[in-house]
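Participant: My structure is in work-v9.txt, and what it holds is compact mmCIF, C-alpha atoms and all ligand atoms:
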```txt
# COMPACT_ATOMS: atom_id res chain seq x y z
CA MET A 11 -23.05 -26.83 -83.77
CA SER A 12 -19.91 -24.84 -82.99
CA LYS A 13 -19.91 -21.07 -83.39
CA ARG A 14 -18.08 -19.34 -86.24
CA ILE A 15 -15.94 -16.20 -85.99
CA PHE A 16 -14.21 -14.13 -88.68
CA ILE A 17 -11.08 -12.20 -87.64
CA THR A 18 -9.14 -9.84 -89.90
CA GLY A 19 -5.37 -9.48 -89.60
CA ALA A 20 -5.21 -12.93 -87.98
CA GLY A 21 -1.96 -14.06 -89.62
CA ARG A 22 0.22 -12.74 -86.82
CA ARG A 23 0.42 -10.82 -83.53
CA LEU A 24 -2.93 -10.01 -81.80
CA GLY A 25 -5.14 -11.42 -84.57
CA LYS A 26 -3.22 -14.70 -84.50
CA THR A 27 -3.56 -14.89 -80.68
CA LEU A 28 -7.31 -14.27 -81.00
CA ALA A 29 -7.64 -16.98 -83.68
CA GLN A 30 -5.72 -19.48 -81.51
CA HIS A 31 -7.87 -18.57 -78.50
CA PHE A 32 -11.17 -19.14 -80.33
CA LEU A 33 -9.93 -22.40 -81.90
CA HIS A 34 -9.03 -23.54 -78.37
CA GLN A 35 -12.57 -22.60 -77.23
CA GLY A 36 -14.05 -24.86 -79.94
CA TRP A 37 -15.08 -22.17 -82.45
CA GLN A 38 -14.84 -22.46 -86.23
CA VAL A 39 -12.38 -19.72 -87.13
CA VAL A 40 -12.14 -17.93 -90.47
CA ALA A 41 -8.82 -16.13 -90.25
CA HIS A 42 -7.97 -13.38 -92.71
CA PHE A 43 -4.27 -12.71 -93.35
CA ASN A 44 -2.36 -10.36 -95.62
CA SER A 45 1.32 -11.19 -96.19
CA ALA A 46 1.75 -14.39 -94.19
CA CYS A 47 -0.30 -16.72 -91.99
CA GLU A 48 1.64 -18.01 -88.97
CA LEU A 49 -1.32 -20.12 -87.75
CA GLU A 50 -0.83 -23.89 -87.81
CA THR A 51 -3.38 -25.83 -89.83
CA HIS A 52 -6.37 -26.93 -87.75
CA PRO A 53 -9.57 -28.75 -88.81
CA ALA A 54 -11.69 -25.81 -87.59
CA LEU A 55 -9.54 -23.14 -89.29
CA THR A 56 -10.14 -21.57 -92.71
CA ALA A 57 -7.48 -19.06 -93.75
CA VAL A 58 -8.36 -16.43 -96.36
CA GLN A 59 -5.90 -13.98 -97.92
CA ALA A 60 -6.61 -10.37 -98.91
CA ASP A 61 -4.78 -7.07 -99.10
CA LEU A 62 -7.31 -4.82 -97.35
CA SER A 63 -5.65 -1.67 -98.70
CA ASP A 64 -6.90 -2.72 -102.15
CA PRO A 65 -10.68 -2.45 -102.81
CA ALA A 66 -10.52 -5.18 -105.50
CA SER A 67 -8.93 -7.56 -103.01
CA ILE A 68 -11.57 -6.65 -100.37
CA ARG A 69 -14.28 -7.39 -102.96
CA ALA A 70 -12.77 -10.83 -103.68
CA LEU A 71 -12.62 -11.54 -99.93
CA CYS A 72 -16.31 -10.58 -99.57
CA THR A 73 -17.24 -13.00 -102.35
CA GLN A 74 -15.36 -15.76 -100.50
CA LEU A 75 -17.02 -14.89 -97.16
CA LYS A 76 -20.47 -15.25 -98.71
CA THR A 77 -19.72 -18.97 -99.29
CA LEU A 78 -18.71 -19.67 -95.69
CA GLY A 79 -22.10 -19.84 -93.94
CA GLN A 80 -23.37 -18.06 -90.84
CA PHE A 81 -21.21 -15.98 -88.50
CA ASP A 82 -21.66 -15.56 -84.75
CA ALA A 83 -18.89 -13.01 -84.43
CA VAL A 84 -16.59 -10.75 -86.42
CA ILE A 85 -13.50 -8.93 -85.14
CA HIS A 86 -12.16 -6.12 -87.33
CA ASN A 87 -8.55 -6.17 -86.16
CA ALA A 88 -6.37 -5.58 -89.25
CA SER A 89 -4.43 -2.35 -89.10
CA CYS A 90 -1.59 -0.45 -90.69
CA PHE A 91 0.40 2.04 -88.63
CA VAL A 92 2.66 4.22 -90.76
CA PRO A 93 3.92 7.62 -89.58
CA ASP A 94 2.93 10.47 -91.89
CA ALA A 95 6.58 11.44 -92.32
CA ALA A 96 7.26 8.05 -93.98
CA ALA A 97 4.67 8.65 -96.72
CA THR A 98 6.11 9.14 -100.19
CA ASP A 99 2.68 9.64 -101.79
CA LEU A 100 0.24 11.31 -99.38
CA ALA A 101 -2.92 10.30 -101.29
CA GLN A 102 -1.75 6.68 -101.35
CA HIS A 103 -0.88 6.87 -97.62
CA ILE A 104 -4.40 8.17 -96.82
CA ALA A 105 -6.08 5.58 -99.07
CA GLN A 106 -4.08 2.74 -97.49
CA HIS A 107 -5.15 3.70 -93.95
CA GLN A 108 -8.77 4.42 -94.90
CA ASN A 109 -9.12 1.19 -96.89
CA VAL A 110 -7.69 -1.05 -94.17
CA HIS A 111 -9.50 0.61 -91.25
CA VAL A 112 -12.79 1.79 -92.80
CA THR A 113 -13.47 0.53 -96.36
CA ALA A 114 -12.69 -3.11 -95.50
CA PRO A 115 -14.87 -3.30 -92.33
CA VAL A 116 -17.72 -1.51 -94.17
CA MET A 117 -17.60 -3.84 -97.20
CA ILE A 118 -17.13 -7.01 -95.12
CA THR A 119 -20.03 -6.12 -92.82
CA ASP A 120 -22.24 -5.36 -95.81
CA ALA A 121 -21.27 -8.67 -97.44
CA LEU A 122 -22.27 -10.57 -94.28
CA LYS A 123 -25.68 -8.89 -93.89
CA SER A 124 -27.62 -12.09 -94.63
CA GLN A 125 -25.24 -14.37 -92.74
CA TRP A 126 -25.52 -13.32 -89.10
CA ALA A 127 -26.41 -16.06 -86.63
CA ASP A 128 -28.78 -15.28 -83.75
CA ASP A 129 -27.15 -13.27 -80.92
CA ALA A 130 -24.20 -12.29 -83.12
CA ALA A 131 -21.60 -9.73 -82.08
CA MET A 132 -19.05 -7.58 -83.87
CA ILE A 133 -15.98 -5.89 -82.36
CA SER A 134 -13.79 -3.24 -83.96
CA ILE A 135 -10.27 -2.83 -82.62
CA SER A 136 -9.60 0.89 -82.57
CA ASP A 137 -6.98 2.80 -80.54
CA ILE A 138 -7.00 5.38 -77.74
CA TYR A 139 -5.60 7.64 -80.49
CA ALA A 140 -9.03 7.63 -82.14
CA ASP A 141 -9.96 10.15 -79.42
CA ILE A 142 -6.69 11.98 -78.75
CA PRO A 143 -4.53 13.57 -81.41
CA ASN A 144 -1.08 12.32 -82.34
CA GLN A 145 0.47 14.58 -84.96
CA ARG A 146 3.07 11.96 -85.99
CA PHE A 147 0.32 9.49 -86.95
CA ALA A 148 -2.48 11.90 -87.93
CA VAL A 149 -3.68 9.82 -90.90
CA TYR A 150 -3.72 6.62 -88.81
CA CYS A 151 -5.63 8.41 -85.99
CA ALA A 152 -8.19 9.77 -88.46
CA ALA A 153 -8.71 6.28 -89.92
CA LYS A 154 -9.19 4.71 -86.45
CA ALA A 155 -11.63 7.51 -85.55
CA GLY A 156 -13.54 6.68 -88.74
CA LEU A 157 -13.61 2.98 -87.84
CA GLN A 158 -14.86 3.81 -84.37
CA ASN A 159 -17.63 6.18 -85.48
CA TRP A 160 -18.80 3.80 -88.23
CA SER A 161 -18.89 0.94 -85.67
CA LEU A 162 -21.22 2.95 -83.43
CA SER A 163 -23.50 3.61 -86.43
CA MET A 164 -23.52 -0.16 -86.99
CA ALA A 165 -24.60 -0.67 -83.37
CA GLN A 166 -27.68 1.35 -84.37
CA ARG A 167 -28.25 -0.18 -87.82
CA LEU A 168 -27.80 -3.79 -86.71
CA ALA A 169 -29.62 -3.43 -83.37
CA GLY A 170 -31.60 -6.54 -82.47
CA LYS A 171 -29.44 -8.63 -84.78
CA VAL A 172 -25.78 -7.90 -84.02
CA ARG A 173 -24.25 -6.18 -80.98
CA VAL A 174 -21.40 -3.91 -82.03
CA ASN A 175 -18.66 -2.63 -79.72
CA VAL A 176 -15.25 -1.01 -79.98
CA ILE A 177 -12.07 -1.82 -78.06
CA GLN A 178 -9.43 0.88 -77.72
CA PRO A 179 -6.12 -0.79 -76.86
CA GLY A 180 -3.34 1.26 -75.32
CA PRO A 181 0.24 -0.03 -75.26
CA VAL A 182 -0.65 -3.72 -75.49
CA GLN A 183 2.39 -5.09 -77.29
CA PHE A 184 5.11 -2.93 -78.77
CA LEU A 185 6.18 -3.40 -82.37
CA PRO A 186 9.71 -4.77 -82.95
CA GLU A 187 10.83 -1.36 -84.27
CA HIS A 188 9.96 0.38 -80.96
CA ASP A 189 13.22 0.98 -79.09
CA ASP A 190 13.76 0.95 -75.31
CA ALA A 191 13.53 4.72 -74.96
CA TYR A 192 10.15 4.78 -76.78
CA ARG A 193 8.82 1.86 -74.69
CA LYS A 194 9.89 3.53 -71.40
CA LYS A 195 8.36 6.83 -72.42
CA VAL A 196 5.01 5.29 -73.41
CA LEU A 197 4.80 3.14 -70.25
CA SER A 198 5.66 6.12 -68.05
CA GLN A 199 2.51 7.72 -69.49
CA SER A 200 0.17 4.93 -68.33
CA LEU A 201 -1.29 4.24 -64.88
CA ILE A 202 -0.52 0.51 -64.84
CA GLY A 203 2.93 1.15 -66.28
CA GLU A 204 3.45 -2.17 -68.02
CA GLU A 205 3.01 -3.68 -71.45
CA LEU A 206 -0.41 -5.33 -71.09
CA GLY A 207 0.03 -8.27 -73.50
CA TYR A 208 -2.47 -9.63 -76.01
CA GLY A 209 -4.28 -11.49 -73.19
CA ALA A 210 -5.81 -8.18 -72.07
CA ILE A 211 -7.54 -7.78 -75.45
CA VAL A 212 -8.55 -11.45 -75.61
CA GLN A 213 -10.22 -11.01 -72.21
CA ALA A 214 -12.07 -7.90 -73.43
CA CYS A 215 -13.25 -9.72 -76.59
CA ASP A 216 -14.52 -12.66 -74.52
CA TYR A 217 -16.47 -10.22 -72.36
CA LEU A 218 -17.96 -8.25 -75.25
CA LEU A 219 -18.94 -11.36 -77.21
CA ALA A 220 -20.79 -12.72 -74.17
CA ALA A 221 -22.25 -9.52 -72.68
CA ARG A 222 -25.78 -9.45 -74.09
CA ALA A 223 -26.55 -6.10 -72.44
CA VAL A 224 -23.62 -4.32 -74.06
CA THR A 225 -23.72 -2.67 -77.48
CA GLY A 226 -22.51 0.67 -78.81
CA THR A 227 -19.74 0.77 -76.20
CA VAL A 228 -16.17 2.00 -76.58
CA MET A 229 -14.05 0.07 -74.10
CA ARG A 230 -10.54 1.26 -73.28
CA VAL A 231 -8.06 -1.51 -72.50
CA ASP A 232 -5.09 0.81 -72.15
CA GLY A 233 -3.62 0.44 -68.67
CA GLY A 234 -5.13 3.83 -67.85
CA ARG A 235 -3.08 5.65 -70.48
CA PHE A 236 -6.01 7.75 -71.68
CA VAL A 237 -6.56 9.31 -68.26
CA ALA A 238 -2.91 9.35 -67.15
CA ASN A 239 -1.40 12.68 -66.27
CA ARG A 240 0.39 13.00 -69.59
CA TYR A 241 1.34 16.61 -69.13
CA ASP A 242 2.51 18.47 -66.07
CA GLN A 243 -0.75 19.52 -64.48
CA THR A 244 0.66 20.95 -61.23
CA PHE A 245 -0.42 24.49 -60.56
CA SER A 246 1.39 26.58 -57.98
N1 LIG B 301 -0.05 -3.43 -80.31
C1 LIG B 301 -0.49 -2.42 -79.61
O1 LIG B 301 0.06 -2.07 -78.56
C2 LIG B 301 -1.72 -1.67 -80.07
C3 LIG B 301 -2.00 -0.41 -79.54
C4 LIG B 301 -3.13 0.27 -79.98
C5 LIG B 301 -3.98 -0.32 -80.91
N2 LIG B 301 -3.68 -1.56 -81.41
C6 LIG B 301 -4.59 -2.17 -82.40
O2 LIG B 301 -4.78 -3.53 -82.07
C7 LIG B 301 -4.86 -4.31 -83.27
C8 LIG B 301 -3.81 -5.41 -83.28
O3 LIG B 301 -2.54 -4.88 -82.97
P1 LIG B 301 -1.21 -5.56 -83.52
O4 LIG B 301 -0.11 -4.99 -82.72
O5 LIG B 301 -1.38 -7.03 -83.62
O6 LIG B 301 -1.23 -4.90 -85.00
P2 LIG B 301 -0.21 -5.06 -86.19
O7 LIG B 301 1.04 -5.72 -85.84
O8 LIG B 301 -0.13 -3.73 -86.81
O9 LIG B 301 -0.99 -6.12 -87.10
C9 LIG B 301 -2.18 -5.89 -87.68
C10 LIG B 301 -2.53 -6.97 -88.69
O10 LIG B 301 -3.08 -6.25 -89.78
C11 LIG B 301 -2.57 -6.80 -90.96
N3 LIG B 301 -2.49 -5.82 -92.05
C12 LIG B 301 -1.68 -4.73 -92.18
N4 LIG B 301 -1.84 -4.18 -93.40
C13 LIG B 301 -2.78 -4.93 -94.02
C14 LIG B 301 -3.35 -4.88 -95.31
N5 LIG B 301 -2.99 -3.97 -96.23
N6 LIG B 301 -4.27 -5.82 -95.63
C15 LIG B 301 -4.63 -6.76 -94.75
N7 LIG B 301 -4.12 -6.87 -93.52
C16 LIG B 301 -3.19 -5.96 -93.17
C17 LIG B 301 -1.18 -7.30 -90.63
O11 LIG B 301 -0.82 -8.32 -91.55
P3 LIG B 301 0.52 -8.19 -92.45
O12 LIG B 301 1.63 -7.97 -91.50
O13 LIG B 301 0.59 -9.48 -93.15
O14 LIG B 301 0.31 -7.01 -93.37
C18 LIG B 301 -1.37 -7.82 -89.22
O15 LIG B 301 -1.75 -9.17 -89.22
C19 LIG B 301 -4.71 -3.33 -84.42
O16 LIG B 301 -5.98 -2.93 -84.87
C20 LIG B 301 -3.99 -2.16 -83.80
O17 LIG B 301 -4.23 -0.93 -84.45
C21 LIG B 301 -2.57 -2.25 -81.01
```
Let me see the file written as structure tokens.
Ligand SMILES: NC(=O)c1ccc[n+]([C@@H]2O[C@H](COP(=O)([O-])OP(=O)(O)OC[C@H]3O[C@@H](n4cnc5c(N)ncnc54)[C@H](OP(=O)(O)O)[C@@H]3O)[C@@H](O)[C@H]2O)c1
Facilitator:
Amino acid sequence: MSKRIFITGAGRRLGKTLAQHFLHQGWQVVAHFNSACELETHPALTAVQADLSDPASIRALCTQLKTLGQFDAVIHNASCFVPDAAATDLAQHIAQHQNVHVTAPVMITDALKSQWADDAAMISISDIYADIPNQRFAVYCAAKAGLQNWSLSMAQRLAGKVRVNVIQPGPVQFLPEHDDAYRKKVLSQSLIGEELGYGAIVQACDYLLAARAVTGTVMRVDGGRFVANRYDQTFS
């Protein structure tokens, strides 16, 4: 029987690439999307819609997931990335980020507690900014830090049943709104110095889903941005 994976935020960008990859590998894919699903129909694909910033919508998604059988893998990938300066209602801005990055993974994982297959694995997609501050995106950083810490608790709670790991992407694929100056600046602050592409994260997911010795790990896939010499550290 083919394996089954659930991926959040799979309607476009990285999540869509992951869904296509696992379909190509012969998995049954349950792909969550929010506003639009760009995936082509496929006999092994089930697409499920939910706004993960809304607890009622997360609850409805959980009810749906309970009808879909056993899962070998889950990737918590959905994310919202709004600068604090763009928030018109700060409480709503905080709730949106916390719900998408923390409430949804917590509720989904709880809903699936009786549905894990043997040797299952879960991956949370965090960010290097879970560990380093970024005052422009402080609420986003705090939410990713919450996702990361909760994931490590899950590595403990689900030990022996589900391996749980975190991937911290760096500048994998810029958003359309990122201009040339921003892209150059970010890449100048990494060791590899190039946009890594979604393939880098797909490769990391393949490794973590297969690596039976690895759980409770935070893996940076960031082109060395975390350890790059971001500030002038020359001392005379
Ligand atoms: N791209 C990078 O260079 C980079 C760097 C660091 C970390 N990451 C992390 O890597 C992951 C994938 O990156 P990406 O560039 O593909 O992210 P992205 O463009 O921000 O997309 C994330 C996905 O989350 C969904 N989403 C957003 N708000 C949602 C909501 N309220 N309810 C449900 N789904 C929602 C989006 O769907 P809709 O558009 O339909 O809302 C989209 O499919 C994310 O976790 C991101 O934080 C990426």
Participant: Hey, can you check how far atom CA of A:Asp128 sits from atom CA of A:Ala114?
Facilitator: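 Computing it gives 23.3 Å between the two atoms.
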Participant: Just to confirm, what's the straight-line distance from atom CA of A:Gly180 to atom C2 of ligand LIG 301 (chain B) in Å (one decimal)?
Facilitator: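 We find that atom CA of A:Gly180 and atom C2 of ligand LIG 301 (chain B) lie 5.8 Å from each other.
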Participant: Can you work out the spacing between atom CA of A:His34 and atom CA of A:Leu157 in Å, to one decimal?
Facilitator: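 Atom-to-atom, atom CA of A:His34 to atom CA of A:Leu157, that is 28.5 Å.
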Participant: Residues within 6 Å of ligand LIG 301 (chain B) (all atoms listed in the file), as a PyMOL selection string?
Facilitator: chain A and resi 19-25+43-46+60-63+87-90+110+135-137+179-184
Participant: Tell me which of A:Val116, A:Met164, A:Ala210, A:Ala127 sits closest to A:Met11, counting only C-alpha atoms.
Facilitator: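 Ranking A:Val116, A:Met164, A:Ala210, A:Ala127 by distance to A:Met11, first place goes to A:Ala127.
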Participant: Excluding A:Leu71 and its own-chain neighbours fewer than 5 positions away, which residues fall within 9 Å of it when counting all atoms listed in the file? Please give them as JSON, numbers by chain.
Facilitator: {"A": [42, 58, 59, 60, 62, 66, 76, 118]}
Participant: Tell me which of A:Gln199, A:Gln102, A:Gln125, A:Asn175 sits closest to A:Cys72, counting all atoms listed in the file.
Facilitator: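 Nearest candidate to A:Cys72 out of A:Gln199, A:Gln102, A:Gln125, A:Asn175: A:Gln125.
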Participant: Please identify all polymer residues within 10 Å of A:His52, counting only C-alpha atoms, omitting same-chain residues fewer than 2 positions from it, and present them as a count of residues only.
Facilitator: 10
Participant: Would you list the residues near (1.7, 6.7, -86.0) (no more than 10 Å away, in the coordinates of the file, using all atoms listed in the file) as a list of chain:residue names?
Facilitator: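 Residues with an atom at most 10 Å from (1.7, 6.7, -86.0): A:Cys90, A:Phe91, A:Val92, A:Pro93, A:Asp94, A:Ala95, A:Ala96, A:Tyr139, A:Asn144, A:Gln145, A:Arg146, A:Phe147, A:Ala148, A:Val149, A:Tyr150, A:Cys151.
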Participant: Select, from A:Thr51, A:Ser12, A:Thr227, A:Lys194, the residue with the minimum atom-to-atom distance to A:Gln35, counting only C-alpha atoms.
Facilitator: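 When distances to A:Gln35 are compared using only C-alpha atoms, the smallest one comes from A:Ser12.
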Participant: Of the candidates A:Lys154, A:Lys123, A:Arg235, A:Arg14, which one gets nearest to A:Asn109 if we count all atoms listed in the file?
Facilitator: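 Ranking A:Lys154, A:Lys123, A:Arg235, A:Arg14 by distance to A:Asn109, first place goes to A:Lys154.
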Participant: Can you work out which one of A:Leu100, A:Arg69, A:Ile138, A:Glu48 has the shortest atom-to-atom distance to A:Val237, counting only C-alpha atoms?
Facilitator: A:Ile138
Participant: For a quick check of understanding, using only C-alpha atoms, which of A:Gln166, A:Thr27, A:Arg193, A:Met117 has the smallest distance to A:Gly207?
Facilitator: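 The answer is A:Thr27, which sits nearest to A:Gly207.
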Participant: Given the point (-18.3, 2.3, -86.1) in the file's coordinates, find the residues that have an atom at most 10 Å from it, counting all atoms listed in the file, and give them as a list of chain:residue names.
Facilitator: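 Answer for this query, in the requested form: A:Val112, A:Pro115, A:Val116, A:Ile133, A:Ser134, A:Ser136, A:Lys154, A:Ala155, A:Gly156, A:Leu157, A:Gln158, A:Asn159, A:Trp160, A:Ser161, A:Leu162, A:Ser163, A:Met164, A:Ala165, A:Gln166, A:Val174, A:Asn175, A:Val176, A:Gly226, A:Val228.
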Participant: Just add N, CA and C atoms to stretch 76-110 of chain A and send it as a PDB file, keeping the file's coordinate frame.
Facilitator:
```pdb
ATOM      1  N   LYS A  76     -19.057 -14.923 -98.458  1.00  0.00           N
ATOM      2  CA  LYS A  76     -20.470 -15.250 -98.710  1.00  0.00           C
ATOM      3  C   LYS A  76     -20.672 -16.760 -98.862  1.00  0.00           C
ATOM      4  N   THR A  77     -19.589 -17.503 -99.107  1.00  0.00           N
ATOM      5  CA  THR A  77     -19.720 -18.970 -99.290  1.00  0.00           C
ATOM      6  C   THR A  77     -19.468 -19.721 -97.978  1.00  0.00           C
ATOM      7  N   LEU A  78     -19.192 -18.991 -96.898  1.00  0.00           N
ATOM      8  CA  LEU A  78     -18.710 -19.670 -95.690  1.00  0.00           C
ATOM      9  C   LEU A  78     -19.758 -19.828 -94.585  1.00  0.00           C
ATOM     10  N   GLY A  79     -21.022 -19.564 -94.913  1.00  0.00           N
ATOM     11  CA  GLY A  79     -22.100 -19.840 -93.940  1.00  0.00           C
ATOM     12  C   GLY A  79     -22.328 -18.721 -92.948  1.00  0.00           C
ATOM     13  N   GLN A  80     -22.971 -19.064 -91.834  1.00  0.00           N
ATOM     14  CA  GLN A  80     -23.370 -18.060 -90.840  1.00  0.00           C
ATOM     15  C   GLN A  80     -22.203 -17.685 -89.918  1.00  0.00           C
ATOM     16  N   PHE A  81     -22.234 -16.451 -89.439  1.00  0.00           N
ATOM     17  CA  PHE A  81     -21.210 -15.980 -88.500  1.00  0.00           C
ATOM     18  C   PHE A  81     -21.837 -15.530 -87.188  1.00  0.00           C
ATOM     19  N   ASP A  82     -21.233 -15.978 -86.083  1.00  0.00           N
ATOM     20  CA  ASP A  82     -21.660 -15.560 -84.750  1.00  0.00           C
ATOM     21  C   ASP A  82     -20.885 -14.334 -84.293  1.00  0.00           C
ATOM     22  N   ALA A  83     -19.717 -14.134 -84.877  1.00  0.00           N
ATOM     23  CA  ALA A  83     -18.890 -13.010 -84.430  1.00  0.00           C
ATOM     24  C   ALA A  83     -17.911 -12.594 -85.520  1.00  0.00           C
ATOM     25  N   VAL A  84     -17.617 -11.304 -85.514  1.00  0.00           N
ATOM     26  CA  VAL A  84     -16.590 -10.750 -86.420  1.00  0.00           C
ATOM     27  C   VAL A  84     -15.724  -9.815 -85.583  1.00  0.00           C
ATOM     28  N   ILE A  85     -14.408  -9.900 -85.771  1.00  0.00           N
ATOM     29  CA  ILE A  85     -13.500  -8.930 -85.140  1.00  0.00           C
ATOM     30  C   ILE A  85     -12.699  -8.235 -86.242  1.00  0.00           C
ATOM     31  N   HIS A  86     -12.930  -6.927 -86.380  1.00  0.00           N
ATOM     32  CA  HIS A  86     -12.160  -6.120 -87.330  1.00  0.00           C
ATOM     33  C   HIS A  86     -10.878  -5.692 -86.614  1.00  0.00           C
ATOM     34  N   ASN A  87      -9.803  -6.385 -86.894  1.00  0.00           N
ATOM     35  CA  ASN A  87      -8.550  -6.170 -86.160  1.00  0.00           C
ATOM     36  C   ASN A  87      -7.419  -5.658 -87.051  1.00  0.00           C
ATOM     37  N   ALA A  88      -7.486  -5.937 -88.358  1.00  0.00           N
ATOM     38  CA  ALA A  88      -6.370  -5.580 -89.250  1.00  0.00           C
ATOM     39  C   ALA A  88      -6.087  -4.080 -89.181  1.00  0.00           C
ATOM     40  N   SER A  89      -4.828  -3.750 -89.276  1.00  0.00           N
ATOM     41  CA  SER A  89      -4.430  -2.350 -89.100  1.00  0.00           C
ATOM     42  C   SER A  89      -3.094  -2.090 -89.757  1.00  0.00           C
ATOM     43  N   CYS A  90      -2.925  -0.871 -90.287  1.00  0.00           N
ATOM     44  CA  CYS A  90      -1.590  -0.450 -90.690  1.00  0.00           C
ATOM     45  C   CYS A  90      -1.274   0.829 -89.923  1.00  0.00           C
ATOM     46  N   PHE A  91      -0.007   1.017 -89.597  1.00  0.00           N
ATOM     47  CA  PHE A  91       0.400   2.040 -88.630  1.00  0.00           C
ATOM     48  C   PHE A  91       1.681   2.691 -89.142  1.00  0.00           C
ATOM     49  N   VAL A  92       1.496   3.613 -90.089  1.00  0.00           N
ATOM     50  CA  VAL A  92       2.660   4.220 -90.760  1.00  0.00           C
ATOM     51  C   VAL A  92       2.713   5.693 -90.394  1.00  0.00           C
ATOM     52  N   PRO A  93       3.855   6.190 -89.886  1.00  0.00           N
ATOM     53  CA  PRO A  93       3.920   7.620 -89.580  1.00  0.00           C
ATOM     54  C   PRO A  93       3.787   8.458 -90.845  1.00  0.00           C
ATOM     55  N   ASP A  94       3.157   9.622 -90.710  1.00  0.00           N
ATOM     56  CA  ASP A  94       2.930  10.470 -91.890  1.00  0.00           C
ATOM     57  C   ASP A  94       4.257  10.863 -92.557  1.00  0.00           C
ATOM     58  N   ALA A  95       5.300  11.012 -91.755  1.00  0.00           N
ATOM     59  CA  ALA A  95       6.580  11.440 -92.320  1.00  0.00           C
ATOM     60  C   ALA A  95       7.175  10.381 -93.253  1.00  0.00           C
ATOM     61  N   ALA A  96       6.717   9.127 -93.129  1.00  0.00           N
ATOM     62  CA  ALA A  96       7.260   8.050 -93.980  1.00  0.00           C
ATOM     63  C   ALA A  96       6.521   7.959 -95.314  1.00  0.00           C
ATOM     64  N   ALA A  97       5.454   8.746 -95.480  1.00  0.00           N
ATOM     65  CA  ALA A  97       4.670   8.650 -96.720  1.00  0.00           C
ATOM     66  C   ALA A  97       5.409   9.290 -97.879  1.00  0.00           C
ATOM     67  N   THR A  98       5.494   8.552 -99.000  1.00  0.00           N
ATOM     68  CA  THR A  98       6.110   9.140-100.190  1.00  0.00           C
ATOM     69  C   THR A  98       5.022   9.728-101.091  1.00  0.00           C
ATOM     70  N   ASP A  99       3.822   9.151-101.014  1.00  0.00           N
ATOM     71  CA  ASP A  99       2.680   9.640-101.790  1.00  0.00           C
ATOM     72  C   ASP A  99       1.534   9.800-100.791  1.00  0.00           C
ATOM     73  N   LEU A 100       1.195  11.052-100.470  1.00  0.00           N
ATOM     74  CA  LEU A 100       0.240  11.310 -99.380  1.00  0.00           C
ATOM     75  C   LEU A 100      -1.142  10.723 -99.683  1.00  0.00           C
ATOM     76  N   ALA A 101      -1.593  10.836-100.946  1.00  0.00           N
ATOM     77  CA  ALA A 101      -2.920  10.300-101.290  1.00  0.00           C
ATOM     78  C   ALA A 101      -2.942   8.778-101.112  1.00  0.00           C
ATOM     79  N   GLN A 102      -1.837   8.140-101.479  1.00  0.00           N
ATOM     80  CA  GLN A 102      -1.750   6.680-101.350  1.00  0.00           C
ATOM     81  C   GLN A 102      -1.710   6.293 -99.870  1.00  0.00           C
ATOM     82  N   HIS A 103      -0.995   7.085 -99.079  1.00  0.00           N
ATOM     83  CA  HIS A 103      -0.880   6.870 -97.620  1.00  0.00           C
ATOM     84  C   HIS A 103      -2.269   6.966 -96.970  1.00  0.00           C
ATOM     85  N   ILE A 104      -3.048   7.994 -97.371  1.00  0.00           N
ATOM     86  CA  ILE A 104      -4.400   8.170 -96.820  1.00  0.00           C
ATOM     87  C   ILE A 104      -5.294   7.001 -97.257  1.00  0.00           C
ATOM     88  N   ALA A 105      -5.225   6.663 -98.551  1.00  0.00           N
ATOM     89  CA  ALA A 105      -6.080   5.580 -99.070  1.00  0.00           C
ATOM     90  C   ALA A 105      -5.768   4.259 -98.374  1.00  0.00           C
ATOM     91  N   GLN A 106      -4.476   3.995 -98.161  1.00  0.00           N
ATOM     92  CA  GLN A 106      -4.080   2.740 -97.490  1.00  0.00           C
ATOM     93  C   GLN A 106      -4.719   2.652 -96.108  1.00  0.00           C
ATOM     94  N   HIS A 107      -4.600   3.731 -95.322  1.00  0.00           N
ATOM     95  CA  HIS A 107      -5.150   3.700 -93.950  1.00  0.00           C
ATOM     96  C   HIS A 107      -6.676   3.648 -93.954  1.00  0.00           C
ATOM     97  N   GLN A 108      -7.302   4.425 -94.844  1.00  0.00           N
ATOM     98  CA  GLN A 108      -8.770   4.420 -94.900  1.00  0.00           C
ATOM     99  C   GLN A 108      -9.292   3.067 -95.370  1.00  0.00           C
ATOM    100  N   ASN A 109      -8.635   2.480 -96.360  1.00  0.00           N
ATOM    101  CA  ASN A 109      -9.120   1.190 -96.890  1.00  0.00           C
ATOM    102  C   ASN A 109      -9.021   0.091 -95.838  1.00  0.00           C
ATOM    103  N   VAL A 110      -7.871   0.024 -95.158  1.00  0.00           N
ATOM    104  CA  VAL A 110      -7.690  -1.050 -94.170  1.00  0.00           C
ATOM    105  C   VAL A 110      -8.637  -0.863 -92.984  1.00  0.00           C
TER     106      VAL A 110
END
```
